[in-house]
>>> print(open('data_16.txt').read())   # compact mmCIF, C-alpha atoms and all ligand atoms
# COMPACT_ATOMS: atom_id res chain seq x y z
CA MET A 1 68.54 124.49 125.61
CA ASN A 2 68.21 124.34 129.40
CA LYS A 3 70.11 126.62 131.77
CA PHE A 4 73.30 125.22 133.22
CA SER A 5 76.18 126.48 135.30
CA TRP A 6 79.74 126.38 134.01
CA TYR A 7 82.76 125.32 136.04
CA GLU A 8 86.39 125.73 134.96
CA ALA A 9 88.19 122.76 136.50
CA LYS A 10 91.75 123.41 137.68
CA SER A 11 92.77 119.79 138.17
CA ILE A 12 91.31 116.29 137.79
CA GLU A 13 90.61 116.19 141.55
CA ASP A 14 88.88 119.58 141.35
CA ALA A 15 86.73 118.37 138.43
CA LEU A 16 85.73 115.18 140.23
CA GLU A 17 84.75 117.14 143.36
CA GLN A 18 82.31 119.12 141.25
CA VAL A 19 80.32 116.10 140.10
CA ASN A 20 76.92 116.29 141.72
CA SER A 21 74.93 113.09 141.55
CA THR A 22 72.23 114.14 143.99
CA VAL A 23 70.14 115.88 141.35
CA SER A 24 68.52 113.44 138.96
CA GLU A 25 68.74 114.51 135.35
CA GLU A 26 68.55 112.54 132.16
CA LEU A 27 71.89 112.16 130.47
CA TYR A 28 72.43 109.96 127.45
CA GLY A 29 69.60 107.79 128.71
CA GLN A 30 71.10 107.48 132.18
CA THR A 31 69.41 109.11 135.14
CA ASP A 32 72.18 109.35 137.67
CA LYS A 33 74.20 112.25 136.32
CA ALA A 34 73.48 115.93 136.85
CA SER A 35 76.85 117.20 135.74
CA VAL A 36 78.82 116.49 132.61
CA PHE A 37 82.49 116.82 131.79
CA LYS A 38 83.24 118.74 128.64
CA SER A 39 86.50 118.57 126.75
CA GLY A 40 86.38 119.59 123.06
CA GLY A 41 82.61 119.89 123.43
CA ILE A 42 81.74 118.56 119.96
CA ASP A 43 79.63 115.67 121.24
CA VAL A 44 78.44 117.21 124.51
CA PHE A 45 76.94 120.27 122.82
CA ASP A 46 75.34 118.16 120.10
CA TRP A 47 73.35 116.47 122.85
CA VAL A 48 72.57 119.66 124.75
CA LYS A 49 71.31 121.40 121.58
CA GLU A 50 69.12 118.41 120.67
CA GLY A 51 67.58 118.59 124.16
CA LEU A 52 68.67 115.03 124.94
CA LEU A 53 71.18 116.13 127.53
CA LYS A 54 70.05 118.56 130.23
CA PRO A 55 72.96 119.01 132.58
CA VAL A 56 72.67 121.38 135.54
CA LYS A 57 76.41 121.87 135.42
CA ILE A 58 79.04 121.63 132.70
CA ILE A 59 82.50 121.01 134.08
CA ASN A 60 85.12 122.17 131.60
CA ILE A 61 88.13 119.88 131.85
CA ARG A 62 89.69 121.18 128.62
CA ASN A 63 91.97 123.70 130.37
CA ILE A 64 93.34 121.44 133.11
CA PRO A 65 97.15 121.78 132.90
CA ASP A 66 99.36 118.90 131.72
CA LEU A 67 96.62 116.78 130.16
CA ASP A 68 97.64 117.81 126.66
CA MET A 69 101.06 116.17 126.52
CA ILE A 70 102.42 113.41 124.30
CA SER A 71 105.49 111.57 125.56
CA TYR A 72 107.40 108.61 124.16
CA ASP A 73 109.97 106.23 125.56
CA LYS A 74 111.55 103.40 123.55
CA LYS A 75 111.00 100.95 126.42
CA ASP A 76 107.73 102.13 128.01
CA GLY A 77 105.94 103.29 124.86
CA MET A 78 103.72 106.34 124.42
CA SER A 79 101.44 108.32 126.71
CA ILE A 80 98.84 110.61 125.12
CA GLY A 81 97.03 112.97 127.51
CA CYS A 82 93.24 113.00 127.36
CA ASN A 83 93.15 116.63 126.16
CA VAL A 84 95.53 116.17 123.23
CA THR A 85 93.58 117.21 120.15
CA LEU A 86 93.23 115.01 117.10
CA SER A 87 95.12 117.68 115.11
CA GLU A 88 98.04 117.48 117.51
CA MET A 89 98.03 113.70 117.12
CA ALA A 90 97.77 113.96 113.33
CA SER A 91 100.93 116.06 113.09
CA ASN A 92 102.96 114.24 115.74
CA GLU A 93 106.05 112.65 114.17
CA LEU A 94 106.52 110.12 117.00
CA ILE A 95 103.03 108.74 116.35
CA LYS A 96 103.68 108.60 112.63
CA THR A 97 107.02 106.81 113.07
CA ASN A 98 106.04 104.34 115.80
CA TYR A 99 102.28 103.86 115.41
CA LEU A 100 101.55 104.29 111.71
CA ALA A 101 98.01 102.85 111.82
CA LEU A 102 97.07 105.33 114.56
CA HIS A 103 98.50 108.19 112.50
CA GLN A 104 96.43 107.02 109.53
CA ALA A 105 93.25 106.62 111.64
CA VAL A 106 93.52 110.11 113.11
CA ASN A 107 94.16 111.67 109.71
CA HIS A 108 91.03 110.02 108.34
CA ALA A 109 88.77 111.05 111.24
CA ALA A 110 86.31 113.94 110.82
CA THR A 111 87.47 117.23 109.26
CA PRO A 112 90.50 119.47 109.98
CA GLN A 113 88.23 121.92 111.83
CA LEU A 114 86.72 119.15 113.98
CA ARG A 115 90.15 117.66 114.64
CA ASN A 116 91.28 121.05 115.96
CA MET A 117 88.53 120.93 118.61
CA SER A 118 88.22 117.20 119.34
CA THR A 119 90.25 115.64 122.11
CA LEU A 120 91.35 112.03 122.44
CA GLY A 121 89.45 111.54 125.74
CA GLY A 122 86.23 112.91 124.25
CA ASN A 123 86.71 110.86 121.11
CA ILE A 124 86.76 107.50 122.82
CA VAL A 125 83.88 108.39 125.17
CA GLN A 126 81.60 109.96 122.51
CA ARG A 127 78.29 108.13 122.08
CA ASN A 128 77.22 106.22 118.99
CA ARG A 129 75.73 108.03 115.98
CA CYS A 130 72.54 105.95 115.54
CA TRP A 131 70.04 108.53 114.28
CA TYR A 132 67.24 107.11 116.45
CA PHE A 133 69.44 107.32 119.55
CA ARG A 134 70.28 110.93 118.72
CA SER A 135 66.72 111.98 117.98
CA ALA A 136 64.55 113.42 120.73
CA ASP A 137 61.54 111.86 118.98
CA HIS A 138 62.59 108.22 119.53
CA ASP A 139 62.86 106.27 122.76
CA CYS A 140 64.83 103.22 121.71
CA PHE A 141 66.32 100.37 123.81
CA ARG A 142 69.43 102.40 124.55
CA LYS A 143 67.32 105.24 125.91
CA GLY A 144 65.16 102.98 128.04
CA GLY A 145 62.44 102.48 125.40
CA ASP A 146 60.86 99.21 124.33
CA ARG A 147 62.22 98.77 120.81
CA CYS A 148 65.14 99.18 118.46
CA TYR A 149 63.82 101.21 115.53
CA ALA A 150 66.87 100.48 113.41
CA ARG A 151 66.44 96.76 113.72
CA HIS A 152 62.75 96.10 114.09
CA SER A 153 60.61 98.67 112.39
CA GLU A 154 59.56 97.70 108.88
CA ASN A 155 61.59 100.49 107.34
CA GLY A 156 64.35 100.55 109.93
CA GLU A 157 67.25 102.67 108.69
CA ASN A 158 70.17 100.38 109.45
CA GLU A 159 72.55 101.03 106.54
CA ASN A 160 75.34 102.21 108.82
CA HIS A 161 74.67 99.75 111.63
CA ALA A 162 76.37 96.64 113.00
CA ILE A 163 76.86 93.38 111.12
CA ILE A 164 78.53 91.56 114.02
CA ASP A 165 77.31 91.13 117.63
CA ASN A 166 74.04 92.76 116.66
CA GLY A 167 71.63 90.77 118.78
CA THR A 168 70.34 93.73 120.83
CA CYS A 169 71.31 97.31 120.00
CA VAL A 170 72.72 97.39 116.47
CA SER A 171 74.49 100.76 116.62
CA VAL A 172 78.22 100.99 115.90
CA HIS A 173 80.75 102.83 118.02
CA ALA A 174 81.62 106.24 116.61
CA SER A 175 85.33 106.38 117.40
CA SER A 176 87.35 105.16 114.43
CA ILE A 177 90.49 106.14 116.34
CA SER A 178 89.68 103.46 118.91
CA THR A 179 89.98 100.86 116.15
CA ALA A 180 93.69 101.66 115.85
CA LEU A 181 94.22 102.16 119.60
CA MET A 182 92.78 98.72 120.34
CA ALA A 183 94.88 97.11 117.62
CA PHE A 184 98.01 98.54 119.32
CA ASN A 185 96.79 97.04 122.64
CA ALA A 186 96.46 100.50 124.16
CA SER A 187 95.10 101.02 127.65
CA VAL A 188 93.11 103.79 129.30
CA VAL A 189 94.21 105.38 132.57
CA ILE A 190 91.18 106.35 134.66
CA VAL A 191 91.06 108.41 137.88
CA ASN A 192 88.12 107.96 140.26
CA GLU A 193 86.63 110.29 142.87
CA GLU A 194 88.90 108.93 145.61
CA GLY A 195 91.89 109.90 143.48
CA LYS A 196 92.71 106.27 142.75
CA THR A 197 94.06 105.39 139.31
CA LYS A 198 93.38 102.25 137.30
CA GLU A 199 94.66 101.15 133.91
CA VAL A 200 92.21 99.27 131.70
CA SER A 201 92.95 97.74 128.32
CA MET A 202 90.92 99.04 125.37
CA ASP A 203 89.46 95.53 125.03
CA GLU A 204 87.99 95.86 128.56
CA PHE A 205 87.14 99.56 128.30
CA PHE A 206 84.29 99.09 125.82
CA VAL A 207 81.06 97.38 126.88
CA SER A 208 79.17 95.34 124.32
CA ALA A 209 75.45 96.00 123.95
CA GLY A 210 74.69 92.40 124.90
CA GLU A 211 76.50 92.90 128.20
CA ASP A 212 74.89 96.20 129.23
CA ILE A 213 72.87 98.29 126.81
CA SER A 214 72.91 101.38 129.04
CA MET A 215 76.61 102.04 128.49
CA GLU A 216 79.24 101.85 125.77
CA THR A 217 82.26 102.05 128.07
CA ILE A 218 82.99 101.10 131.68
CA LEU A 219 83.59 104.76 132.57
CA GLY A 220 81.58 105.80 135.64
CA ALA A 221 79.93 109.19 136.23
CA LYS A 222 82.64 110.11 138.72
CA GLU A 223 85.64 109.04 136.70
CA ILE A 224 87.96 110.92 134.34
CA ILE A 225 90.30 109.53 131.70
CA LYS A 226 93.75 110.94 132.32
CA GLU A 227 95.74 109.42 129.47
CA ILE A 228 95.99 106.63 126.93
CA ILE A 229 99.06 104.39 127.00
CA LEU A 230 100.44 102.51 123.99
CA PRO A 231 103.03 99.75 124.49
CA ALA A 232 106.37 100.31 122.77
CA PRO A 233 106.59 98.74 119.31
CA THR A 234 109.46 96.39 118.48
CA LYS A 235 111.61 96.73 115.37
CA ASN A 236 109.40 94.05 113.80
CA THR A 237 106.08 95.78 114.49
CA LYS A 238 104.25 96.83 111.32
CA SER A 239 100.80 98.36 111.04
CA ALA A 240 98.20 99.70 108.62
CA TYR A 241 94.73 101.27 108.84
CA ILE A 242 91.99 101.55 106.20
CA LYS A 243 88.66 103.35 106.49
CA GLN A 244 85.82 103.12 103.99
CA VAL A 245 83.52 106.16 103.81
CA ALA A 246 80.67 107.29 101.56
CA ARG A 247 82.34 110.63 100.71
CA GLU A 248 86.06 110.93 100.13
CA SER A 249 86.68 114.25 101.93
CA TYR A 250 85.34 113.32 105.37
CA ASP A 251 82.68 111.11 106.82
CA TRP A 252 81.85 108.61 109.51
CA SER A 253 83.23 105.16 108.92
CA LEU A 254 81.15 102.59 107.06
CA GLY A 255 83.82 100.07 107.93
CA ASP A 256 87.40 100.48 109.08
CA VAL A 257 90.19 98.13 110.05
CA ALA A 258 93.52 98.39 111.86
CA VAL A 259 96.11 95.64 111.66
CA VAL A 260 99.24 95.46 113.81
CA PHE A 261 101.63 92.58 113.12
CA GLU A 262 104.88 91.31 114.52
CA VAL A 263 106.66 90.08 111.41
CA SER A 264 109.65 87.93 110.60
CA LYS A 265 110.67 88.46 106.99
CA ASP A 266 107.40 87.92 105.08
CA THR A 267 105.69 85.90 107.83
CA CYS A 268 103.18 87.20 110.36
CA LYS A 269 104.34 85.98 113.79
CA SER A 270 101.50 87.58 115.74
CA ALA A 271 98.48 89.59 114.63
CA SER A 272 96.17 92.15 116.16
CA ILE A 273 93.21 92.89 113.87
CA VAL A 274 90.41 95.23 114.96
CA LEU A 275 87.33 96.28 113.01
CA GLY A 276 85.48 99.58 113.45
CA ALA A 277 81.82 100.22 112.51
CA ALA A 278 81.28 96.45 112.40
CA ALA A 279 79.85 95.91 115.89
CA PRO A 280 78.45 98.06 118.72
CA VAL A 281 82.01 98.48 120.04
CA PRO A 282 85.41 98.20 118.31
CA TYR A 283 85.67 94.52 117.42
CA ARG A 284 88.79 92.36 117.70
CA SER A 285 88.56 89.60 115.12
CA ILE A 286 90.10 86.54 116.73
CA GLU A 287 89.17 84.53 113.60
CA ALA A 288 91.17 86.83 111.30
CA GLN A 289 94.11 86.90 113.71
CA GLU A 290 94.25 83.10 113.92
CA ALA A 291 93.93 82.75 110.15
CA ILE A 292 96.97 84.90 109.38
CA GLU A 293 99.26 84.09 112.32
CA ASN A 294 102.35 82.03 111.39
CA ASN A 295 101.47 82.36 107.73
CA THR A 296 103.13 84.18 104.87
CA ILE A 297 101.68 87.60 104.19
CA ASN A 298 100.38 87.25 100.67
CA SER A 299 97.19 87.78 98.73
CA VAL A 300 95.75 84.30 99.32
CA ASN A 301 96.32 84.34 103.09
CA ALA A 302 95.17 87.95 103.43
CA LEU A 303 91.90 87.06 101.72
CA ALA A 304 91.50 83.97 103.93
CA ALA A 305 91.93 86.14 107.05
CA ALA A 306 89.43 88.70 105.74
CA GLU A 307 86.87 86.00 105.02
CA ALA A 308 87.46 84.45 108.43
CA ALA A 309 86.66 87.83 110.01
CA MET A 310 83.37 87.96 108.13
CA SER A 311 82.34 84.43 109.19
CA LYS A 312 80.71 86.12 112.21
CA ALA A 313 78.78 88.66 110.10
CA ARG A 314 74.97 88.65 110.30
CA PRO A 315 73.91 91.66 108.20
CA LEU A 316 70.63 93.50 108.77
CA SER A 317 68.08 94.35 106.08
CA LYS A 318 70.08 97.24 104.56
CA ASN A 319 73.72 96.75 105.43
CA GLY A 320 74.78 93.57 103.63
CA TYR A 321 77.05 95.76 101.48
CA LYS A 322 79.39 96.05 104.48
CA VAL A 323 80.56 92.43 104.18
CA PRO A 324 82.45 92.83 100.86
CA ILE A 325 83.69 96.23 102.04
CA PHE A 326 85.27 94.64 105.10
CA VAL A 327 86.69 91.72 103.10
CA SER A 328 88.37 94.15 100.74
CA ALA A 329 89.58 96.54 103.50
CA ILE A 330 91.01 93.77 105.72
CA LYS A 331 92.79 92.14 102.78
CA GLN A 332 94.21 95.46 101.62
CA ALA A 333 95.37 96.46 105.12
CA ILE A 334 97.18 93.13 105.58
CA LEU A 335 98.87 93.45 102.19
CA GLU A 336 99.99 97.00 103.01
CA ILE A 337 102.09 95.47 105.76
CA SER A 338 104.05 93.21 103.43
C1 LIG B 1 80.68 115.53 111.45
C2 LIG B 1 81.54 114.76 112.41
C3 LIG B 1 82.36 113.77 111.90
C4 LIG B 1 83.17 113.02 112.77
N1 LIG B 1 83.92 112.01 112.26
C5 LIG B 1 84.64 111.22 113.10
C6 LIG B 1 85.38 110.10 112.59
O1 LIG B 1 85.41 109.83 111.40
N2 LIG B 1 86.06 109.35 113.49
C7 LIG B 1 86.08 109.62 114.83
O2 LIG B 1 86.71 108.88 115.59
N3 LIG B 1 85.39 110.66 115.33
C8 LIG B 1 84.69 111.46 114.51
N4 LIG B 1 83.98 112.52 115.02
C9 LIG B 1 84.02 112.74 116.48
C10 LIG B 1 84.82 113.99 116.88
O3 LIG B 1 86.05 114.00 116.22
C11 LIG B 1 85.06 114.12 118.42
O4 LIG B 1 86.13 113.28 118.80
C12 LIG B 1 83.96 113.71 119.30
O5 LIG B 1 82.75 114.24 118.79
C13 LIG B 1 84.12 114.16 120.76
O6 LIG B 1 85.34 114.79 121.11
P1 LIG B 1 85.32 116.04 122.12
O7 LIG B 1 86.72 116.27 122.63
O8 LIG B 1 84.66 117.20 121.49
O9 LIG B 1 84.46 115.44 123.31
P2 LIG B 1 83.34 116.12 124.24
O10 LIG B 1 82.15 116.46 123.42
O11 LIG B 1 83.92 117.21 125.07
O12 LIG B 1 83.02 114.89 125.18
C14 LIG B 1 82.42 113.71 124.67
C15 LIG B 1 82.13 112.78 125.86
O13 LIG B 1 83.33 112.41 126.48
C16 LIG B 1 83.34 112.79 127.87
N5 LIG B 1 84.72 113.14 128.15
C17 LIG B 1 85.52 113.99 127.44
N6 LIG B 1 86.77 113.95 127.93
C18 LIG B 1 86.75 113.07 128.97
C19 LIG B 1 87.76 112.62 129.89
N7 LIG B 1 89.02 113.02 129.83
N8 LIG B 1 87.38 111.73 130.85
C20 LIG B 1 86.09 111.29 130.92
N9 LIG B 1 85.12 111.68 130.08
C21 LIG B 1 85.45 112.57 129.12
C22 LIG B 1 82.33 113.91 127.99
O14 LIG B 1 81.79 113.99 129.30
C23 LIG B 1 81.29 113.45 126.97
O15 LIG B 1 80.48 112.48 127.56
C24 LIG B 1 83.19 113.31 114.18
C25 LIG B 1 82.37 114.32 114.69
C26 LIG B 1 81.54 115.03 113.83
C27 LIG B 1 80.65 116.09 114.41
S1 LIG B 2 70.50 100.57 117.14
FE1 LIG B 2 70.66 100.91 119.34
S2 LIG B 2 70.75 103.12 119.51
FE2 LIG B 2 69.86 102.66 117.48
S3 LIG B 2 67.61 102.51 117.70
FE3 LIG B 2 68.44 100.46 118.03
S4 LIG B 2 68.70 100.32 120.28
FE4 LIG B 2 68.60 102.50 119.75
>>> encode(input="data_16.txt", output="structure tokens", more="lines below")
Ligand SMILES: Cc1cc2nc3c(=O)[nH]c(=O)nc-3n(C[C@H](O)[C@H](O)[C@H](O)COP(=O)(O)OP(=O)(O)OC[C@H]3O[C@@H](n4cnc5c(N)ncnc54)[C@H](O)[C@@H]3O)c2cc1C
Ligand code: SF4
Amino acid sequence: MNKFSWYEAKSIEDALEQVNSTVSEELYGQTDKASVFKSGGIDVFDWVKEGLLKPVKIINIRNIPDLDMISYDKKDGMSIGCNVTLSEMASNELIKTNYLALHQAVNHAATPQLRNMSTLGGNIVQRNRCWYFRSADHDCFRKGGDRCYARHSENGENENHAIIDNGTCVSVHASSISTALMAFNASVVIVNEEGKTKEVSMDEFFVSAGEDISMETILGAKEIIKEIILPAPTKNTKSAYIKQVARESYDWSLGDVAVVFEVSKDTCKSASIVLGAAAPVPYRSIEAQEAIENNTINSVNALAAAEAAMSKARPLSKNGYKVPIFVSAIKQAILEIS
């Protein structure tokens, strides 16, 4: 591990002033960052210990006041501060009552110990878990190298990788919580170094590998996420989340899905269906949404929507098993709404 200095940020402005981009250091395959923000530290210290991240300065934003609040208003919806931990989200009754799929997603993420440390801001910014990307011994596309080991090498280990939008990097995004956030049409509030604030929808926040392989989100080196906003549900909003894992107790997602419907009796009036661990970023399935909208929620239509979602699937050598997993999970999630 390299030597680094530690800075306890007192406010977002204070943290942003500390970012020093004049020293060139390699960070997550980018070369323009010398400092790194640390919240829960789970992902940041993984990278530092592996020797892939060599910051000269770690800026601790975890103790900035007022970034660990959850508030809810029937008209304006919910605000979740970037430093709210996953445990706090998991036990929050307002989330459970108003955003059931998010409650379910958080409760299925990682372990209780990890949820105690992990923050929402860090969770959506964490980098993908592709083992080649996270190994100091491999320089893949995402790290500026000339190949994707998961996709191209004869024995590429791509069991956990993408089945949709997998034309370049085939990693999948690690945040299963983002699957639910995107399905609720959440947005991310970002503060830049000039103190200006912008609100970006989750659909725009993530960057597909085909668009720019060097990044997974639009977040710049000198920007901090302040909070995540969820629109208020109506009395007809219903939701469900399902995550498939290899081990029951805890694990990364092999495939997860969040569905958020506006319903009228047993009919779906509008649908938001997002898949996790299917593509390099959380993936909104327009095909599934169109297949179920204005239709009765029943077994036949749920299966049709699930199959429509998988019409875009192009599995790799070792992950064809994900297609039936997604078909089953999407169908089940839709039927849980009825
Ligand atoms: C074994 C294991 C299993 C896991 N399983 C799951 C799972 O099933 N589902 C899931 O969703 N997650 C899972 N995680 C992820 C975990 O829960 C954490 O959310 C994640 O690792 C990072 O959260 P953190 O707060 O520790 O972020 P940090 O490590 O502090 O930060 C991560 C990144 O976010 C940046 N960052 C942090 N906060 C901000 C902010 N406010 N503004 C701008 N940038 C910021 C940091 O600079 C860094 O780049 C798992 C982790 C492990 C180790
Ligand atoms: S899937 Fe992406 S992160 Fe993994 S080896 Fe290929 S280019 Fe690198």
>>> residues_near_point(input="data_16.txt", point="(82.7, 102.6, 131.8)", cutoff="10 Å", atoms="all atoms listed in the file", output="compact mmCIF listing (two decimals) with C-alpha atoms, in the frame of the given file")
# COMPACT_ATOMS: atom_id res chain seq x y z
CA VAL A 125 83.88 108.39 125.17
CA ILE A 190 91.18 106.35 134.66
CA GLU A 204 87.99 95.86 128.56
CA PHE A 205 87.14 99.56 128.30
CA PHE A 206 84.29 99.09 125.82
CA VAL A 207 81.06 97.38 126.88
CA MET A 215 76.61 102.04 128.49
CA GLU A 216 79.24 101.85 125.77
CA THR A 217 82.26 102.05 128.07
CA ILE A 218 82.99 101.10 131.68
CA LEU A 219 83.59 104.76 132.57
CA GLY A 220 81.58 105.80 135.64
CA ALA A 221 79.93 109.19 136.23
CA GLU A 223 85.64 109.04 136.70
>>> residues_around(input="data_16.txt", residues="A:Lys38", least_positions_apart="3", cutoff="6 Å", atoms="only C-alpha atoms", output="number ranges by chain")
A: 41, 59-61
>>> closest_residue(input="data_16.txt", among="A:His103, A:Lys74, A:Arg115, A:Lys10", to="A:Leu86", atoms="all atoms listed in the file")
A:Arg115
>>> atom_distance(input="data_16.txt", atom1="atom CA of A:Glu293", atom2="atom CA of A:Ile228")
27.1 Å
>>> residues_near_point(input="data_16.txt", point="(69.3, 116.9, 126.1)", cutoff="9 Å", atoms="only C-alpha atoms", output="ChimeraX atom specification")
/A:1-2,26-28,45-55,136
>>> atom_distance(input="data_16.txt", atom1="atom CA of A:Ser264", atom2="atom CA of A:Asn236")
6.9 Å
>>> residues_near_ligand(input="data_16.txt", ligand="ligand LIG 1 (chain B)", cutoff="6 Å", atoms="all atoms listed in the file", output="PyMOL selection string")
chain A and resi 36-44+82+109-110+114-115+118-119+121-123+125-126+174-177+224-226+251-253
>>> closest_residue(input="data_16.txt", among="A:Ile124, A:Val189, A:Ile12, A:Val172", to="ligand LIG 2 (chain B)", atoms="only C-alpha atoms and all ligand atoms")
A:Val172
>>> closest_residue(input="data_16.txt", among="A:Glu157, A:Glu194, A:Asp14, A:Glu262", to="ligand LIG 2 (chain B)", atoms="only C-alpha atoms and all ligand atoms")
A:Glu157
>>> closest_residue(input="data_16.txt", among="A:Glu227, A:Ala162, A:Glu290, A:Ser328", to="A:Gly276", atoms="all atoms listed in the file")
A:Ala162
>>> closest_residue(input="data_16.txt", among="A:Ala183, A:Leu254, A:Ile58, A:Ala246", to="A:Ser285", atoms="all atoms listed in the file")
A:Ala183
